[in-house]
>>> print(open('coords_3.cif').read())   # mmCIF, C-alpha atoms
data_coords
loop_
_atom_site.label_atom_id
_atom_site.label_comp_id
_atom_site.auth_asym_id
_atom_site.auth_seq_id
_atom_site.Cartn_x
_atom_site.Cartn_y
_atom_site.Cartn_z
CA MET A 2 12.05 -3.64 1.68
CA THR A 3 12.88 -2.44 -1.84
CA GLU A 4 14.28 -5.93 -2.57
CA ASN A 5 10.66 -7.01 -2.85
CA PHE A 6 10.27 -4.95 -6.02
CA ILE A 7 11.51 -4.68 -9.56
CA PRO A 8 11.46 -0.88 -9.94
CA VAL A 9 10.63 0.49 -13.39
CA ARG A 10 10.40 4.15 -14.33
CA ILE A 11 8.38 5.01 -17.44
CA HIS A 12 9.03 8.56 -18.59
CA ILE A 13 6.28 10.37 -20.44
CA ARG A 14 8.59 12.07 -22.94
CA GLU A 15 11.45 9.60 -23.24
CA GLN A 16 9.27 6.46 -23.49
CA PRO A 17 6.03 7.67 -25.12
CA GLU A 18 5.08 4.26 -26.55
CA ALA A 19 5.54 2.42 -23.25
CA TRP A 20 3.86 5.27 -21.38
CA LYS A 21 0.79 5.13 -23.61
CA ARG A 22 0.52 1.33 -23.63
CA LEU A 23 1.11 0.75 -19.92
CA GLY A 24 -0.73 3.93 -19.01
CA GLU A 25 -3.83 2.69 -20.80
CA ARG A 26 -3.50 -0.78 -19.31
CA TYR A 27 -3.43 0.61 -15.77
CA GLY A 28 -5.56 3.73 -16.30
CA VAL A 29 -2.83 6.19 -15.40
CA GLN A 30 -4.01 9.80 -15.71
CA TRP A 31 -1.43 11.89 -13.89
CA THR A 32 2.25 12.08 -13.04
CA PRO A 33 3.77 11.02 -10.85
CA THR A 34 1.76 7.85 -10.44
CA VAL A 35 3.37 4.90 -8.67
CA LEU A 36 1.80 1.45 -8.90
CA VAL A 37 2.47 -1.68 -6.89
CA VAL A 38 1.81 -4.53 -9.33
CA ASP A 39 1.78 -8.15 -8.19
CA PRO A 40 3.66 -11.00 -9.90
CA LEU A 41 0.65 -11.67 -12.15
CA GLY A 42 0.56 -8.06 -13.36
CA VAL A 43 -2.42 -7.02 -11.23
CA GLU A 44 -2.33 -3.57 -9.62
CA ARG A 45 -2.57 -3.81 -5.83
CA HIS A 46 -1.85 -0.23 -4.74
CA ARG A 47 -1.66 3.23 -6.32
CA ILE A 48 0.01 6.46 -5.23
CA GLU A 49 -0.82 9.59 -7.23
CA GLY A 50 1.14 12.79 -6.74
CA PHE A 51 4.48 13.49 -5.08
CA ILE A 52 5.04 12.19 -1.56
CA PRO A 53 8.12 12.31 0.71
CA ALA A 54 10.45 9.30 0.90
CA ASP A 55 9.26 7.98 4.28
CA GLU A 56 5.66 8.23 3.13
CA LEU A 57 6.54 6.35 -0.05
CA VAL A 58 8.18 3.49 1.84
CA ALA A 59 5.17 3.24 4.15
CA GLN A 60 2.86 3.22 1.12
CA LEU A 61 4.89 0.44 -0.47
CA MET A 62 4.50 -1.63 2.70
CA LEU A 63 0.78 -0.96 2.48
CA GLY A 64 0.88 -2.21 -1.11
CA LEU A 65 2.71 -5.41 -0.18
CA GLY A 66 0.19 -5.95 2.61
CA LYS A 67 -2.72 -5.49 0.22
CA SER A 68 -1.14 -7.88 -2.25
CA ALA A 69 -0.69 -10.53 0.45
CA PHE A 70 -4.25 -9.88 1.60
CA ALA A 71 -5.53 -10.49 -1.96
CA ARG A 72 -3.68 -13.83 -2.00
CA GLN A 73 -5.30 -14.68 1.35
CA GLU A 74 -1.83 -14.70 2.94
CA LEU A 75 -3.35 -13.01 5.95
CA GLY A 76 -0.44 -13.46 8.37
CA GLU A 77 1.96 -11.92 5.90
CA ALA A 78 -0.53 -9.13 5.16
CA GLU A 79 -0.86 -8.29 8.85
CA ARG A 80 2.94 -8.24 9.27
CA TRP A 81 3.34 -5.71 6.44
CA PHE A 82 0.54 -3.53 7.82
CA ARG A 83 1.91 -3.60 11.38
CA GLU A 84 5.44 -2.85 10.16
CA ALA A 85 4.17 0.21 8.29
CA VAL A 86 2.52 1.49 11.50
CA GLU A 87 5.50 0.71 13.71
CA ARG A 88 8.25 2.05 11.43
CA PHE A 89 6.37 5.05 10.02
CA PRO A 90 3.81 6.06 12.66
CA ASP A 91 3.69 9.68 11.50
CA THR A 92 2.77 8.98 7.89
CA ASP A 93 -0.67 9.10 6.30
CA ALA A 94 -0.19 5.44 5.42
CA ALA A 95 -0.07 4.48 9.11
CA PRO A 96 -3.79 4.80 10.00
CA GLU A 97 -4.79 2.94 6.84
CA ALA A 98 -2.27 0.22 7.70
CA LEU A 99 -3.59 0.01 11.28
CA TYR A 100 -7.11 -0.48 9.92
CA TRP A 101 -6.11 -3.23 7.51
CA ALA A 102 -3.94 -4.96 10.13
CA GLY A 103 -7.07 -5.38 12.21
CA VAL A 104 -9.05 -6.67 9.26
CA ALA A 105 -6.32 -9.15 8.32
CA LEU A 106 -6.15 -10.47 11.89
CA TYR A 107 -9.93 -10.77 12.03
CA LYS A 108 -10.08 -12.66 8.74
CA LYS A 109 -7.27 -14.96 9.87
CA THR A 110 -8.76 -15.76 13.28
CA ASN A 111 -12.47 -15.08 12.76
CA ASP A 112 -12.28 -13.40 16.17
CA PRO A 113 -14.32 -10.16 16.27
CA SER A 114 -12.17 -8.86 19.14
CA ALA A 115 -9.50 -8.11 16.52
CA LEU A 116 -11.80 -5.46 15.10
CA ALA A 117 -12.82 -4.14 18.53
CA HIS A 118 -9.17 -3.82 19.60
CA THR A 119 -8.39 -1.98 16.37
CA ALA A 120 -11.24 0.42 16.96
CA GLU A 121 -10.02 0.98 20.52
CA ALA A 122 -6.54 1.74 19.20
CA PHE A 123 -8.09 4.42 17.00
CA THR A 124 -9.51 6.10 20.10
CA ARG A 125 -5.89 6.67 21.22
CA GLN A 126 -4.18 7.50 17.90
CA TYR A 127 -5.13 8.84 14.48
CA ARG A 128 -8.45 9.95 15.96
CA ASP A 129 -9.09 12.48 13.19
CA SER A 130 -8.34 10.12 10.33
CA LEU A 131 -10.84 8.68 7.88
CA TRP A 132 -9.73 5.23 9.07
CA ALA A 133 -10.74 6.01 12.64
CA LYS A 134 -14.20 6.86 11.36
CA LYS A 135 -14.35 3.60 9.43
CA ALA A 136 -13.20 1.59 12.45
CA SER A 137 -15.63 3.35 14.80
CA VAL A 138 -18.43 0.92 13.86
CA TRP A 139 -16.40 -1.84 15.55
CA LEU A 140 -16.38 -0.10 18.94
CA LYS A 141 -18.24 -1.74 21.78
CA PRO A 142 -20.92 0.56 23.28
CA GLU A 143 -19.02 1.14 26.54
CA THR A 144 -15.87 2.07 24.62
CA MET A 145 -17.85 4.51 22.50
CA ARG A 146 -18.97 6.29 25.68
CA ASP A 147 -15.36 6.47 26.90
CA ALA A 148 -14.11 7.69 23.53
CA ARG A 149 -16.58 10.57 23.52
CA ALA A 150 -15.63 11.61 27.06
CA MET B 10 16.21 6.08 -0.69
CA ALA B 11 18.26 5.35 -3.82
CA ILE B 12 16.37 3.23 -6.30
CA ALA B 13 18.02 1.70 -9.36
CA TRP B 14 15.17 2.28 -11.78
CA ARG B 15 14.92 0.06 -14.84
CA ARG B 16 13.42 1.23 -18.11
CA ASP B 17 11.84 -1.85 -19.72
CA PRO B 18 8.37 -2.55 -18.30
CA ASP B 19 7.76 -5.69 -20.35
CA ASP B 20 10.96 -7.37 -19.17
CA ALA B 21 10.07 -6.45 -15.62
CA LEU B 22 6.60 -8.00 -15.86
CA VAL B 23 8.05 -11.24 -17.24
CA GLU B 24 10.73 -11.36 -14.55
CA ALA B 25 8.18 -10.62 -11.84
CA LYS B 26 6.05 -13.57 -12.93
CA VAL B 27 9.01 -15.95 -13.10
CA ARG B 28 10.54 -14.86 -9.78
CA GLY B 29 7.32 -14.13 -7.87
CA ARG B 30 8.22 -10.52 -7.26
CA HIS B 31 6.26 -7.29 -7.46
CA VAL B 32 6.82 -4.52 -9.99
CA LEU B 33 7.00 -0.93 -8.84
CA PHE B 34 5.96 1.25 -11.77
CA ASP B 35 6.77 4.94 -11.61
CA PHE B 36 4.95 6.87 -14.35
CA SER B 37 7.03 10.01 -14.36
CA ALA B 38 7.40 13.37 -16.06
CA ALA B 39 10.28 14.53 -13.87
CA PRO B 40 13.49 15.74 -15.54
CA MET B 41 15.80 12.78 -16.12
#
>>> encode(input="coords_3.cif", output="structure tokens")
Amino acid sequence: MTENFIPVRIHIREQPEAWKRLGERYGVQWTPTVLVVDPLGVERHRIEGFIPADELVAQLMLGLGKSAFARQELGEAERWFREAVERFPDTDAAPEALYWAGVALYKKTNDPSALAHTAEAFTRQYRDSLWAKKASVWLKPETMRDARA
Amino acid sequence: MAIAWRRDPDDALVEAKVRGRHVLFDFSAAPM
């Protein structure tokens, strides 16, 4: 997965000019801050603060998914989101990725069942996450009754 | 996860545009 990136570290003390210039360009206010920047130089995902390695990899998949989503490459976006959920189900990135996988599928197919199925999945996993709350509006009424039971 | 970090952000942005790749920027204050 790292072959998708050109990794660049900008150190606040050793590269003060680059840190100031790039930091201002991207509005960086804290270290560590990791940015996923697309080939045109546009930021697509941001991670502020230290996170463990598996969480970082999952977050990078989320970033690649968001970048593909922004290009309207919805199949590719969904694949990145699903891979993040499947490979790193215990990370904080996973529920966000599950949410966006459903959105990408819906936008690709225009089939509202993609959203309903995503909401149903959130009744079985990541129930306490912010993303489950966001997806809850997609639940069908009968599923909402079951989810509360 | 071992990452071979580069140091030149401007070169990276040019290369990313030419090769259609993403740049992973790490703004760091960690000891080098």
>>> interface_residues(input="coords_3.cif", of="chain A", to="chain B", cutoff="10 Å", atoms="all atoms listed in the file", output="PyMOL selection string")
chain A and resi 3-16+19-20+23-24+29-49+54-55+57-58+61+64-65+68
>>> atom_distance(input="coords_3.cif", atom1="atom CA of A:Glu97", atom2="atom CA of A:Thr124")
14.4 Å
>>> atom_distance(input="coords_3.cif", atom1="atom CA of A:Ala120", atom2="atom CA of A:Arg83")
14.8 Å
>>> atom_distance(input="coords_3.cif", atom1="atom CA of A:Ala95", atom2="atom CA of A:Lys109")
20.7 Å
>>> resolve_selection(input="coords_3.cif", expression="the PyMOL selection byres ((chain A and resi 93) around 12)", output="PyMOL selection string")
chain A and resi 48+52-53+55-60+63+85-86+89-92+94-99+127+129-132
>>> resolve_selection(input="coords_3.cif", expression="the PyMOL selection byres ((chain A and resi 78) around 12)", output="VMD selection string")
chain A and resid 62 to 77 79 to 85 98 to 109
>>> write_last_selection(input="coords_3.cif", atoms="C-alpha atoms", output="compact mmCIF listing (two decimals), keeping the file's coordinate frame")
# COMPACT_ATOMS: atom_id res chain seq x y z
CA MET A 62 4.50 -1.63 2.70
CA LEU A 63 0.78 -0.96 2.48
CA GLY A 64 0.88 -2.21 -1.11
CA LEU A 65 2.71 -5.41 -0.18
CA GLY A 66 0.19 -5.95 2.61
CA LYS A 67 -2.72 -5.49 0.22
CA SER A 68 -1.14 -7.88 -2.25
CA ALA A 69 -0.69 -10.53 0.45
CA PHE A 70 -4.25 -9.88 1.60
CA ALA A 71 -5.53 -10.49 -1.96
CA ARG A 72 -3.68 -13.83 -2.00
CA GLN A 73 -5.30 -14.68 1.35
CA GLU A 74 -1.83 -14.70 2.94
CA LEU A 75 -3.35 -13.01 5.95
CA GLY A 76 -0.44 -13.46 8.37
CA GLU A 77 1.96 -11.92 5.90
CA GLU A 79 -0.86 -8.29 8.85
CA ARG A 80 2.94 -8.24 9.27
CA TRP A 81 3.34 -5.71 6.44
CA PHE A 82 0.54 -3.53 7.82
CA ARG A 83 1.91 -3.60 11.38
CA GLU A 84 5.44 -2.85 10.16
CA ALA A 85 4.17 0.21 8.29
CA ALA A 98 -2.27 0.22 7.70
CA LEU A 99 -3.59 0.01 11.28
CA TYR A 100 -7.11 -0.48 9.92
CA TRP A 101 -6.11 -3.23 7.51
CA ALA A 102 -3.94 -4.96 10.13
CA GLY A 103 -7.07 -5.38 12.21
CA VAL A 104 -9.05 -6.67 9.26
CA ALA A 105 -6.32 -9.15 8.32
CA LEU A 106 -6.15 -10.47 11.89
CA TYR A 107 -9.93 -10.77 12.03
CA LYS A 108 -10.08 -12.66 8.74
CA LYS A 109 -7.27 -14.96 9.87
